[in-house]
$ cat query_37.cif   # mmCIF, C-alpha atoms
data_data
loop_
_atom_site.label_atom_id
_atom_site.label_comp_id
_atom_site.auth_asym_id
_atom_site.auth_seq_id
_atom_site.Cartn_x
_atom_site.Cartn_y
_atom_site.Cartn_z
CA GLY A 11 5.51 13.61 0.35
CA ARG A 12 6.84 11.92 3.41
CA GLU A 13 10.45 11.56 4.49
CA PRO A 14 11.56 7.90 4.60
CA GLY A 15 12.63 8.11 8.26
CA LEU A 16 9.42 9.75 9.43
CA GLU A 17 7.69 6.50 10.40
CA ARG A 18 10.66 5.44 12.52
CA MET A 19 10.58 8.81 14.27
CA VAL A 20 6.82 8.50 14.93
CA ALA A 21 7.27 4.97 16.29
CA TYR A 22 10.14 6.15 18.48
CA LEU A 23 8.28 9.16 19.89
CA SER A 24 5.12 7.13 20.46
CA GLY A 25 6.94 4.15 21.96
CA ARG A 26 9.59 5.89 24.01
CA PHE A 27 7.67 8.89 25.26
CA GLY A 28 4.03 7.94 24.72
CA LEU A 29 3.43 11.00 22.53
CA PRO A 30 0.31 10.88 20.34
CA VAL A 31 1.82 11.81 16.97
CA THR A 32 -0.36 12.24 13.90
CA VAL A 33 1.27 12.34 10.47
CA VAL A 34 -0.66 13.92 7.63
CA SER A 35 0.45 13.47 4.05
CA TYR A 36 -1.18 14.72 0.88
CA GLU A 37 -1.24 13.39 -2.66
CA VAL A 38 -2.62 15.10 -5.74
CA PHE A 39 -4.32 13.03 -8.43
CA GLU A 40 -5.36 14.38 -11.80
CA ILE A 41 -8.63 12.91 -13.02
CA GLU A 42 -9.86 12.57 -16.60
CA ASN A 43 -11.43 16.02 -16.99
CA GLY A 44 -8.21 17.76 -15.90
CA HIS A 45 -9.44 18.48 -12.39
CA LYS A 46 -7.18 17.65 -9.51
CA VAL A 47 -8.19 15.76 -6.40
CA LEU A 48 -6.31 16.20 -3.14
CA ALA A 49 -6.15 13.01 -1.06
CA ARG A 50 -5.19 13.21 2.57
CA GLU A 51 -3.82 10.31 4.62
CA LEU A 52 -3.66 10.49 8.40
CA THR A 53 -1.85 8.06 10.59
CA GLU A 54 -3.75 7.03 13.66
CA PRO A 55 -2.28 8.81 16.71
CA GLU A 56 -2.19 5.85 19.02
CA ILE A 57 0.11 5.92 21.97
CA ILE A 58 2.54 3.06 22.32
CA SER A 59 3.54 2.53 25.91
CA PRO A 60 7.25 2.14 26.65
CA ASP A 61 6.26 -1.15 28.30
CA GLY A 62 4.65 -2.39 25.09
CA PRO A 63 1.06 -2.30 23.84
CA SER A 64 -1.79 -2.76 26.23
CA PRO A 65 -5.10 -4.45 25.34
CA ASP A 66 -6.98 -1.15 25.44
CA LYS A 67 -4.35 0.69 23.35
CA PRO A 68 -3.28 -1.38 20.33
CA ARG A 69 -0.06 -0.53 18.53
CA ALA A 70 -0.26 1.83 15.61
CA TYR A 71 2.09 -0.31 13.51
CA ARG A 72 2.65 -4.01 12.97
CA SER A 73 5.45 -5.68 11.11
CA VAL A 74 4.77 -7.29 7.74
CA GLU A 75 5.11 -10.70 9.43
CA GLU A 76 2.53 -9.72 12.06
CA LEU A 77 0.17 -8.54 9.32
CA CYS A 78 0.61 -11.86 7.50
CA ALA A 79 -0.34 -13.64 10.75
CA LEU A 80 -3.34 -11.31 11.11
CA ALA A 81 -4.39 -12.14 7.54
CA ASP A 82 -3.99 -15.86 8.36
CA SER A 83 -6.27 -15.48 11.37
CA ASN A 84 -8.80 -13.74 9.13
CA GLY A 85 -8.72 -16.49 6.50
CA ILE A 86 -7.02 -14.40 3.81
CA GLY A 87 -3.36 -15.12 4.60
CA GLN A 88 -2.51 -16.96 1.40
CA GLU A 89 -3.87 -14.13 -0.75
CA PHE A 90 -2.26 -11.43 1.38
CA ARG A 91 1.14 -13.17 1.24
CA LYS A 92 0.85 -13.55 -2.52
CA ILE A 93 0.59 -9.75 -2.85
CA VAL A 94 3.44 -9.12 -0.37
CA ASP A 95 5.70 -11.63 -2.17
CA THR A 96 4.96 -10.10 -5.58
CA ALA A 97 5.65 -6.58 -4.29
CA GLN A 98 8.96 -7.68 -2.80
CA LYS A 99 9.88 -9.54 -5.99
CA HIS A 100 9.57 -6.23 -7.87
CA ASN A 101 11.49 -4.30 -5.19
CA LEU A 102 8.50 -2.28 -4.05
CA HIS A 103 8.72 -0.95 -0.50
CA VAL A 104 6.15 -2.60 1.78
CA ARG A 105 5.11 -0.09 4.46
CA SER A 106 3.08 -1.64 7.25
CA TYR A 107 0.45 -0.19 9.54
CA ARG A 108 -1.97 -1.67 12.04
CA GLN A 109 -4.25 -3.47 9.56
CA ARG A 110 -2.76 -2.83 6.13
CA ILE A 111 0.30 -2.56 3.98
CA ILE A 112 1.01 0.20 1.54
CA LEU A 113 3.13 -0.57 -1.51
CA THR A 114 5.36 2.31 -2.52
CA PRO A 115 8.18 2.90 -4.97
CA PRO A 116 11.53 2.55 -3.19
CA SER A 117 12.56 6.04 -4.29
CA ASN A 118 9.58 7.76 -2.62
CA ARG A 119 7.96 5.84 0.19
CA ALA A 120 5.31 8.52 0.61
CA ARG A 121 3.63 7.76 -2.72
CA THR A 122 1.04 5.00 -2.65
CA LEU A 123 0.98 2.54 -5.53
CA SER A 124 -1.38 0.15 -3.77
CA THR A 125 -2.93 -0.49 -0.36
CA VAL A 126 -3.88 -3.98 0.85
CA PHE A 127 -5.74 -4.80 4.06
CA ALA A 128 -4.95 -7.84 6.24
CA VAL A 129 -8.56 -7.94 7.41
CA PRO A 130 -11.39 -8.96 5.07
CA ALA A 131 -13.36 -6.32 3.21
CA ARG A 132 -16.40 -5.09 5.08
CA GLY A 133 -19.39 -7.34 4.74
CA SER A 134 -17.35 -10.34 3.64
CA ASP A 135 -15.31 -13.07 5.22
CA ARG A 136 -12.96 -13.95 2.33
CA LEU A 137 -12.56 -10.83 0.16
CA ILE A 138 -9.35 -8.80 0.15
CA ALA A 139 -9.80 -5.02 0.19
CA ALA A 140 -7.15 -3.32 -1.93
CA SER A 141 -6.53 -0.24 -4.00
CA ILE A 142 -4.32 0.29 -7.03
CA TRP A 143 -3.26 3.62 -8.53
CA PRO A 144 -1.86 3.09 -12.08
CA GLY A 145 -1.22 6.82 -12.52
CA VAL A 146 1.30 6.82 -9.68
CA PHE A 147 3.34 4.11 -11.43
CA THR A 148 3.96 6.58 -14.29
CA GLU A 149 5.71 8.96 -11.88
CA PHE A 150 8.40 6.41 -10.94
CA TYR A 151 8.59 3.81 -13.69
CA PRO A 152 9.04 3.98 -17.48
CA VAL A 153 5.41 3.33 -18.36
CA THR A 154 2.65 5.51 -19.77
CA ARG A 155 -0.60 6.02 -17.91
CA GLU A 156 -2.46 4.32 -20.76
CA LYS A 157 -0.26 1.23 -20.58
CA ALA A 158 -0.43 1.10 -16.77
CA GLU A 159 -4.24 1.28 -16.88
CA GLU A 160 -4.38 -1.24 -19.73
CA VAL A 161 -2.38 -3.75 -17.70
CA LEU A 162 -3.58 -2.98 -14.15
CA GLY A 163 -7.09 -1.80 -14.91
CA PRO A 164 -8.64 1.44 -13.68
CA GLY A 165 -7.46 2.97 -10.44
CA GLY A 166 -9.47 2.73 -7.28
CA TRP A 167 -10.60 0.35 -4.57
CA ARG A 168 -11.38 -3.31 -5.17
CA ARG A 169 -12.78 -6.24 -3.23
CA MET A 170 -10.97 -9.30 -4.56
CA THR A 171 -11.61 -13.02 -4.32
CA SER A 172 -8.69 -15.43 -4.18
CA ALA A 173 -8.83 -15.83 -7.97
CA GLU A 174 -8.89 -12.05 -8.45
CA VAL A 175 -5.82 -11.71 -6.21
CA GLY A 176 -4.06 -14.19 -8.51
CA GLU A 177 -5.05 -12.05 -11.48
CA PHE A 178 -3.96 -8.88 -9.64
CA VAL A 179 -0.43 -10.20 -8.98
CA ALA A 180 -0.21 -11.54 -12.54
CA ARG A 181 -1.04 -8.03 -13.77
CA LEU A 182 1.67 -6.54 -11.54
CA ASP A 183 4.13 -9.09 -12.95
CA ARG A 184 3.03 -8.23 -16.49
CA LEU A 185 3.44 -4.49 -15.87
CA PHE A 186 7.01 -4.90 -14.61
CA GLU A 187 7.82 -7.26 -17.50
CA THR A 188 6.47 -4.63 -19.91
CA MET A 189 8.78 -2.03 -18.39
CA GLU A 190 11.79 -4.35 -18.65
CA LYS A 191 11.04 -5.21 -22.28
CA PRO A 192 10.07 -2.04 -24.20
CA ASP A 193 7.59 -2.40 -27.05
CA GLN A 194 9.48 -3.54 -30.14
CA THR A 195 6.77 -2.61 -32.69
CA GLU A 196 8.35 0.69 -33.76
#
$ encode --input "query_37.cif" --output "structure tokens"
Amino acid sequence: GREPGLERMVAYLSGRFGLPVTVVSYEVFEIENGHKVLARELTEPEIISPDGPSPDKPRAYRSVEELCALADSNGIGQEFRKIVDTAQKHNLHVRSYRQRIILTPPSNRARTLSTVFAVPARGSDRLIAASIWPGVFTEFYPVTREKAEEVLGPGGWRRMTSAEVGEFVARLDRLFETMEKPDQTE
């Protein structure tokens, strides 16, 4: 996992002292056959000058607002904002990087529920690249893996059209509604 204040420390060390800091975090996913997969995430060790970013050394992090503006400039702003707004509505933590946001549970900001890029998916000009990990929801919310996958679909990466983004946020809404209203069939 990753300590909540780690990103602030990295930004401080990079910005104040120009230190190239790389953060490595690991997550373990169990796949269907019982095998475990170790996923590694590295932050990009870009130096942030104390005088601000230079054109040849872009900042490692952008604010959510800056990422929304980046998505606007890439023609996917409306879709990107729809995902950000839905995440915030459900009190998910929105962690921002240079070209993407990572949605995490507020209790453990090192665990990735979903990743959404503010730049179009490769080879397209209007598709949103995103991932969703239903199994991670089961670690932090009162929902079974089966129900999370039923509502959100299988885990993994997706390239979504505007209509598919609408469906994606509707599914997130439905999952949180399901958790608020337990099944009454028993």
$ residues_around --input "query_37.cif" --residues "A:Ala158" --least-positions-apart "3" --cutoff "10 Å" --atoms "all atoms listed in the file" --output "JSON list (two decimals) with C-alpha atoms, in the coordinates of the input"
[["chain", "number", "residue", "atom", "x", "y", "z"],
["A", 143, "TRP", "CA", -3.26, 3.62, -8.53],
["A", 144, "PRO", "CA", -1.86, 3.09, -12.08],
["A", 145, "GLY", "CA", -1.22, 6.82, -12.52],
["A", 146, "VAL", "CA", 1.30, 6.82, -9.68],
["A", 147, "PHE", "CA", 3.34, 4.11, -11.43],
["A", 148, "THR", "CA", 3.96, 6.58, -14.29],
["A", 151, "TYR", "CA", 8.59, 3.81, -13.69],
["A", 152, "PRO", "CA", 9.04, 3.98, -17.48],
["A", 153, "VAL", "CA", 5.41, 3.33, -18.36],
["A", 154, "THR", "CA", 2.65, 5.51, -19.77],
["A", 155, "ARG", "CA", -0.60, 6.02, -17.91],
["A", 161, "VAL", "CA", -2.38, -3.75, -17.70],
["A", 162, "LEU", "CA", -3.58, -2.98, -14.15],
["A", 163, "GLY", "CA", -7.09, -1.80, -14.91],
["A", 164, "PRO", "CA", -8.64, 1.44, -13.68],
["A", 165, "GLY", "CA", -7.46, 2.97, -10.44],
["A", 181, "ARG", "CA", -1.04, -8.03, -13.77],
["A", 182, "LEU", "CA", 1.67, -6.54, -11.54],
["A", 184, "ARG", "CA", 3.03, -8.23, -16.49],
["A", 185, "LEU", "CA", 3.44, -4.49, -15.87],
["A", 186, "PHE", "CA", 7.01, -4.90, -14.61],
["A", 188, "THR", "CA", 6.47, -4.63, -19.91],
["A", 189, "MET", "CA", 8.78, -2.03, -18.39]]
$ closest_residue --input "query_37.cif" --among "A:Tyr22, A:Phe127, A:Tyr71, A:Phe39" --to "A:Ser106" --atoms "only C-alpha atoms"
A:Tyr71
$ closest_residue --input "query_37.cif" --among "A:Val104, A:Ala21, A:Ile111, A:Ala81" --to "A:Leu137" --atoms "all atoms listed in the file"
A:Ala81
$ resolve_selection --input "query_37.cif" --expression "the PyMOL selection byres ((chain A and resi 140) around 6)" --output "PDB file with C-alpha atoms, in the frame of the given file"
ATOM      1  CA  THR A 125      -2.930  -0.490  -0.360  1.00  0.00           C
ATOM      2  CA  VAL A 126      -3.880  -3.980   0.850  1.00  0.00           C
ATOM      3  CA  ALA A 139      -9.800  -5.020   0.190  1.00  0.00           C
ATOM      4  CA  SER A 141      -6.530  -0.240  -4.000  1.00  0.00           C
ATOM      5  CA  TRP A 167     -10.600   0.350  -4.570  1.00  0.00           C
ATOM      6  CA  ARG A 168     -11.380  -3.310  -5.170  1.00  0.00           C
TER       7      ARG A 168
END
$ closest_residue --input "query_37.cif" --among "A:Ala131, A:Glu190, A:Ser117, A:Phe178" --to "A:Ile93" --atoms "only C-alpha atoms"
A:Phe178
$ closest_residue --input "query_37.cif" --among "A:Val20, A:Val129, A:Val179, A:Met170" --to "A:Ala79" --atoms "all atoms listed in the file"
A:Val129
$ atom_distance --input "query_37.cif" --atom1 "atom CA of A:Arg119" --atom2 "atom CA of A:Tyr36"
12.8 Å
$ atom_distance --input "query_37.cif" --atom1 "atom CA of A:Pro116" --atom2 "atom CA of A:Met19"
18.6 Å
$ resolve_selection --input "query_37.cif" --expression "the PyMOL selection byres ((chain A and resi 123) around 6)" --output "PDB file with C-alpha atoms, in the coordinates of the input"
ATOM      1  CA  LEU A 113       3.130  -0.570  -1.510  1.00  0.00           C
ATOM      2  CA  THR A 114       5.360   2.310  -2.520  1.00  0.00           C
ATOM      3  CA  THR A 122       1.040   5.000  -2.650  1.00  0.00           C
ATOM      4  CA  SER A 124      -1.380   0.150  -3.770  1.00  0.00           C
ATOM      5  CA  ILE A 142      -4.320   0.290  -7.030  1.00  0.00           C
ATOM      6  CA  TRP A 143      -3.260   3.620  -8.530  1.00  0.00           C
ATOM      7  CA  VAL A 146       1.300   6.820  -9.680  1.00  0.00           C
TER       8      VAL A 146
END
$ closest_residue --input "query_37.cif" --among "A:Leu23, A:Ala180, A:Phe150, A:Gln88" --to "A:Leu102" --atoms "all atoms listed in the file"
A:Phe150
$ atom_distance --input "query_37.cif" --atom1 "atom CA of A:His100" --atom2 "atom CA of A:Glu156"
20.5 Å
$ closest_residue --input "query_37.cif" --among "A:Gly44, A:Gly176, A:Gly85, A:Pro115" --to "A:Pro130" --atoms "all atoms listed in the file"
A:Gly85
